[in-house]
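**Q** I have a structure I would like to understand better, so I am pasting it below and will then ask my questions one at a time.
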Amino acid sequence: QAVVTQEPSLTVSPGGTVTLTCGSSTGPVTTTNYPYWFQQKPGQAPTTLIYDTDHKHSWTPARFSGSLLGGKGVLTLAGARPEDEADYYCLLSYSGVVVFGGGTKLTVL
Amino acid sequence: QVQLQESGPGLVKPSEALSLTCTVSGDSITRYSWGWVRQPAGKGLEWIGNVFVTANSEFSAPFKSRVTMSVDQSKNQFSLTLKSVTAADTAVYFCAVWIGSHWFDYWGPGILVTVAS
């Protein structure tokens with residue numbers, strides 16, 4: 001089974017920009033992996049922020065965006081707010097088989 | 001908007017089966033694909049499996065041999081059964097549904113299942 005890698009932790013200043021990455025043990029992440037990004041706050045269910053690399057849901061704040069860069073999926077948060085402090089998980093699909101990354105704990109400080 | 005609620009026993013004995021139900025409200029389950037994800041305490045998300053509106057399904061390799069997923073359209077529910085559980089199956093279990101080709105649009109709040117004697 002593929003392994004999906006994320007930074008264990010990152011820190012961003014309020015108002016700052018941070019990028020979270022999502023890598024794959026099988027090679028470059030591409031659009032055919034349909035990268036997803038989820039936000040999870042303590043004691044809550046995850047919320048889907050980004051699907052299919054760069055698509056946003058109606059509830060996704062505009063400050064979040066998804067892309068591919070350097071063979072990885074990327075979640076960019078521009079203009080971080082205190083309420084963005086959370087765990088962020090990426091998901092990759094391997095021909096319909098889903099693998100979650102280990103998650104990134106984002107601190108806004 | 002569709003809402004989900006997991007239900008089932010919070011405590012299961014080792015070697016027994018874990019059975020959970022996800023009740024869908026606000027819409028018909030027949031419109032949705034659905035799946036299960038779990039999260040051990042303090043750890044990351046772990047995908048268990050998906051069942052699509054086409055009736056096709058995909059399961060995570062570690063669970064394939066002991067997982068069953070089914071739907072009861074008359075009750076607007078779907079379920080997860082995991083056989084031969086061990087302490088390693090202790091986790092919060094989430095159900096999720098989606099319409100179309102992008103997954104996990106809507107999530108239940110999760111239910112903690114502890115495997116212990």
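Chain identifiers are assigned as A, B, and so on, following the order in which chains appear in the structure tokens; residues are numbered from 1 within each chain, and ligands are numbered from 1 in order of appearance.
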Which residues of chain B come within 8 Å of chain A, and what is each one's closest atom pair and distance in Å (one decimal), counting only C-alpha atoms, sorted by chain and residue number, as CSV?
**A**
residue,atom,partner,partner_atom,distance
B:Lys43,CA,A:Gly102,CA,7.9
B:Gly44,CA,A:Gly102,CA,5.4
B:Leu45,CA,A:Phe100,CA,6.3
B:Glu46,CA,A:Phe100,CA,6.4
B:Trp47,CA,A:Val98,CA,6.5
B:Glu58,CA,A:Val97,CA,6.4
B:Phe59,CA,A:Val97,CA,7.0
B:Ser60,CA,A:Val97,CA,6.7
B:Ala61,CA,A:Gln1,CA,7.6
B:Phe94,CA,A:Ala45,CA,7.4
B:His102,CA,A:Tyr51,CA,6.5
B:Trp103,CA,A:Tyr51,CA,7.8
B:Phe104,CA,A:Thr48,CA,7.0
B:Asp105,CA,A:Thr48,CA,6.3
B:Tyr106,CA,A:Thr47,CA,7.7
B:Trp107,CA,A:Ala45,CA,6.5
B:Gly108,CA,A:Ala45,CA,6.8
B:Pro109,CA,A:Ala45,CA,5.3
B:Gly110,CA,A:Ala45,CA,6.5
**Q** Generate a file of the selected residues that holds N, CA, C and O atoms, formatted as an mmCIF file, in the first residue's frame.
**A**
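Saved to selection_36.cif:
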data_model
loop_
_atom_site.group_PDB
_atom_site.id
_atom_site.type_symbol
_atom_site.label_atom_id
_atom_site.label_comp_id
_atom_site.auth_asym_id
_atom_site.auth_seq_id
_atom_site.Cartn_x
_atom_site.Cartn_y
_atom_site.Cartn_z
ATOM 1 N N LYS B 43 -4.241 9.850 16.766
ATOM 2 C CA LYS B 43 -3.592 9.457 15.513
ATOM 3 C C LYS B 43 -4.363 9.991 14.316
ATOM 4 O O LYS B 43 -5.342 10.720 14.453
ATOM 5 N N GLY B 44 -3.911 9.613 13.134
ATOM 6 C CA GLY B 44 -4.487 10.137 11.909
ATOM 7 C C GLY B 44 -5.689 9.361 11.422
ATOM 8 O O GLY B 44 -6.127 8.374 12.025
ATOM 9 N N LEU B 45 -6.229 9.828 10.304
ATOM 10 C CA LEU B 45 -7.397 9.208 9.697
ATOM 11 C C LEU B 45 -6.989 7.949 8.942
ATOM 12 O O LEU B 45 -5.933 7.907 8.299
ATOM 13 N N GLU B 46 -7.842 6.949 9.001
ATOM 14 C CA GLU B 46 -7.578 5.675 8.328
ATOM 15 C C GLU B 46 -8.822 5.284 7.541
ATOM 16 O O GLU B 46 -9.899 5.107 8.108
ATOM 17 N N TRP B 47 -8.669 5.163 6.253
ATOM 18 C CA TRP B 47 -9.798 4.788 5.391
ATOM 19 C C TRP B 47 -10.087 3.310 5.531
ATOM 20 O O TRP B 47 -9.181 2.480 5.499
ATOM 21 N N GLU B 58 -14.878 -0.387 -2.844
ATOM 22 C CA GLU B 58 -13.443 -0.487 -2.682
ATOM 23 C C GLU B 58 -13.157 -0.542 -1.184
ATOM 24 O O GLU B 58 -13.793 0.177 -0.410
ATOM 25 N N PHE B 59 -12.210 -1.379 -0.806
ATOM 26 C CA PHE B 59 -11.855 -1.508 0.599
ATOM 27 C C PHE B 59 -10.349 -1.376 0.765
ATOM 28 O O PHE B 59 -9.565 -1.782 -0.100
ATOM 29 N N SER B 60 -9.970 -0.840 1.902
ATOM 30 C CA SER B 60 -8.560 -0.764 2.237
ATOM 31 C C SER B 60 -8.018 -2.173 2.467
ATOM 32 O O SER B 60 -8.658 -3.007 3.127
ATOM 33 N N ALA B 61 -6.826 -2.432 1.971
ATOM 34 C CA ALA B 61 -6.264 -3.785 2.029
ATOM 35 C C ALA B 61 -6.244 -4.383 3.436
ATOM 36 O O ALA B 61 -6.596 -5.560 3.607
ATOM 37 N N PHE B 94 -15.984 7.218 11.764
ATOM 38 C CA PHE B 94 -16.779 8.229 11.074
ATOM 39 C C PHE B 94 -17.437 7.604 9.845
ATOM 40 O O PHE B 94 -16.802 6.837 9.109
ATOM 41 N N HIS B 102 -16.641 13.292 -6.336
ATOM 42 C CA HIS B 102 -15.728 13.710 -5.273
ATOM 43 C C HIS B 102 -16.261 13.223 -3.940
ATOM 44 O O HIS B 102 -17.437 13.279 -3.643
ATOM 45 N N TRP B 103 -15.339 12.695 -3.154
ATOM 46 C CA TRP B 103 -15.686 11.897 -1.970
ATOM 47 C C TRP B 103 -15.771 12.705 -0.683
ATOM 48 O O TRP B 103 -15.257 13.794 -0.586
ATOM 49 N N PHE B 104 -16.458 12.093 0.309
ATOM 50 C CA PHE B 104 -16.418 12.569 1.689
ATOM 51 C C PHE B 104 -16.879 14.018 1.820
ATOM 52 O O PHE B 104 -16.236 14.827 2.488
ATOM 53 N N ASP B 105 -17.992 14.353 1.161
ATOM 54 C CA ASP B 105 -18.538 15.701 1.290
ATOM 55 C C ASP B 105 -19.086 15.957 2.689
ATOM 56 O O ASP B 105 -18.895 17.020 3.252
ATOM 57 N N TYR B 106 -19.825 14.989 3.219
ATOM 58 C CA TYR B 106 -20.516 15.165 4.492
ATOM 59 C C TYR B 106 -20.125 14.045 5.442
ATOM 60 O O TYR B 106 -20.077 12.883 5.057
ATOM 61 N N TRP B 107 -19.875 14.432 6.687
ATOM 62 C CA TRP B 107 -19.393 13.494 7.689
ATOM 63 C C TRP B 107 -20.344 13.431 8.884
ATOM 64 O O TRP B 107 -20.949 14.431 9.255
ATOM 65 N N GLY B 108 -20.423 12.265 9.512
ATOM 66 C CA GLY B 108 -21.062 12.166 10.805
ATOM 67 C C GLY B 108 -20.109 12.668 11.878
ATOM 68 O O GLY B 108 -18.914 12.857 11.617
ATOM 69 N N PRO B 109 -20.605 12.871 13.098
ATOM 70 C CA PRO B 109 -19.762 13.389 14.176
ATOM 71 C C PRO B 109 -18.756 12.370 14.711
ATOM 72 O O PRO B 109 -17.802 12.745 15.384
ATOM 73 N N GLY B 110 -18.981 11.097 14.383
ATOM 74 C CA GLY B 110 -18.071 10.056 14.852
ATOM 75 C C GLY B 110 -18.584 9.372 16.107
ATOM 76 O O GLY B 110 -19.339 9.949 16.890
#
**Q** If we count only C-alpha atoms, what is near Val113 (chain B) at a cut-off of 12 Å, once residues fewer than 2 positions away on the same chain are taken out, given as an NGL selection string?
**A** :B and (6-14 or 17-20 or 38-41 or 82 or 85-94 or 110-111 or 115-116)
**Q** Set the distance at 10 Å and use only C-alpha atoms: which residues neighbour Ile99 (chain B) once local chain neighbours fewer than 5 positions away are removed? I'd like the list as a short mmCIF file (atom, residue, chain, number, x, y, z; two decimals) with N, CA, C and O atoms, in the first residue's frame.
**A**
data_model
loop_
_atom_site.label_atom_id
_atom_site.label_comp_id
_atom_site.auth_asym_id
_atom_site.auth_seq_id
_atom_site.Cartn_x
_atom_site.Cartn_y
_atom_site.Cartn_z
N ILE B 29 -30.64 8.08 0.98
CA ILE B 29 -29.34 7.45 0.82
C ILE B 29 -29.12 6.94 -0.59
O ILE B 29 -27.99 6.77 -1.04
N THR B 30 -30.20 6.72 -1.32
CA THR B 30 -30.06 6.17 -2.68
C THR B 30 -29.33 7.13 -3.61
O THR B 30 -28.85 6.72 -4.66
N ARG B 31 -29.23 8.39 -3.24
CA ARG B 31 -28.56 9.38 -4.09
C ARG B 31 -27.06 9.43 -3.83
O ARG B 31 -26.33 10.07 -4.57
N TYR B 32 -26.61 8.74 -2.79
CA TYR B 32 -25.25 8.94 -2.29
C TYR B 32 -24.37 7.71 -2.40
O TYR B 32 -24.83 6.57 -2.28
N SER B 33 -23.13 7.97 -2.61
CA SER B 33 -22.10 6.99 -2.30
C SER B 33 -21.68 7.23 -0.85
O SER B 33 -21.91 8.31 -0.30
N TRP B 34 -21.07 6.23 -0.23
CA TRP B 34 -20.79 6.38 1.21
C TRP B 34 -19.58 5.56 1.61
O TRP B 34 -19.13 4.66 0.88
N PHE B 52 -20.12 2.76 -3.67
CA PHE B 52 -20.56 3.79 -4.58
C PHE B 52 -22.02 3.58 -4.98
O PHE B 52 -22.56 2.47 -4.86
N VAL B 53 -22.62 4.65 -5.47
CA VAL B 53 -24.04 4.60 -5.85
C VAL B 53 -24.25 3.57 -6.97
O VAL B 53 -25.35 3.05 -7.13
N PHE B 104 -16.46 12.09 0.31
CA PHE B 104 -16.42 12.57 1.69
C PHE B 104 -16.88 14.02 1.82
O PHE B 104 -16.24 14.83 2.49
N ASP B 105 -17.99 14.35 1.16
CA ASP B 105 -18.54 15.70 1.29
C ASP B 105 -19.09 15.96 2.69
O ASP B 105 -18.90 17.02 3.25
N TYR B 106 -19.83 14.99 3.22
CA TYR B 106 -20.52 15.16 4.49
C TYR B 106 -20.13 14.04 5.44
O TYR B 106 -20.08 12.88 5.06
#
**Q** Going by DSSP on the backbone, which residues of chain A come out as strand (DSSP E or B)? List them as a ChimeraX atom specification.
**A** /A:4-5,9-12,17-24,27,36-40,47-51,55-56,64-69,72-78,86-94,97-100,104-108
**Q** Which residues come within 8 Å of region 64-78 of chain B, counting only C-alpha atoms, excluding same-chain residues fewer than 5 positions away, as a VMD selection string?
**A** chain B and resid 21 to 25 28 to 30 51 59 83 to 84
**Q** When you look at Ser67 (chain A) with a cut-off of 6 Å (counting only C-alpha atoms), what residues show up, excluding the ones that are within fewer than 6 positions of it in the same chain? I need them as a CSV table (one decimal) with N, CA, C and O atoms, in the first residue's frame.
**A**
chain,number,residue,atom,x,y,z
A,53,THR,N,-7.6,18.1,-6.5
A,53,THR,CA,-6.4,19.0,-6.6
A,53,THR,C,-6.7,20.4,-6.1
A,53,THR,O,-6.0,21.0,-5.3
A,54,ASP,N,-7.7,21.0,-6.8
A,54,ASP,CA,-7.9,22.5,-6.6
A,54,ASP,C,-9.3,23.0,-6.5
A,54,ASP,O,-9.6,24.2,-6.6
A,73,GLY,N,1.1,17.3,-3.9
A,73,GLY,CA,-0.1,18.1,-3.7
A,73,GLY,C,0.2,19.2,-2.7
A,73,GLY,O,1.0,19.0,-1.8
A,74,VAL,N,-0.4,20.3,-2.9
A,74,VAL,CA,-0.1,21.5,-2.0
A,74,VAL,C,-1.4,22.1,-1.6
A,74,VAL,O,-2.3,22.3,-2.4
**Q** Using CA of Leu92 (chain A) and CA of Val37 (chain B) as the two end points, give the distance in Å to one decimal.
**A** 14.1 Å
**Q** Which residue gives the smallest distance to Ser101 (chain B) among A:Asp84, A:Thr60, A:Ser93, A:Val12, with only C-alpha atoms counted?
**A**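 Distance minimum relative to Ser101 (chain B) lands on A:Ser93.
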**Q** To one decimal place, how far is CA of Phe64 (chain A) from CA of Leu77 (chain A) in Å?
**A** 4.7 Å
**Q** What does the distance between CA of Trp98 (chain B) and CA of Pro82 (chain A) come to in Å, to one decimal place?
**A**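 Here the two named atoms are 29.2 Å from each other.
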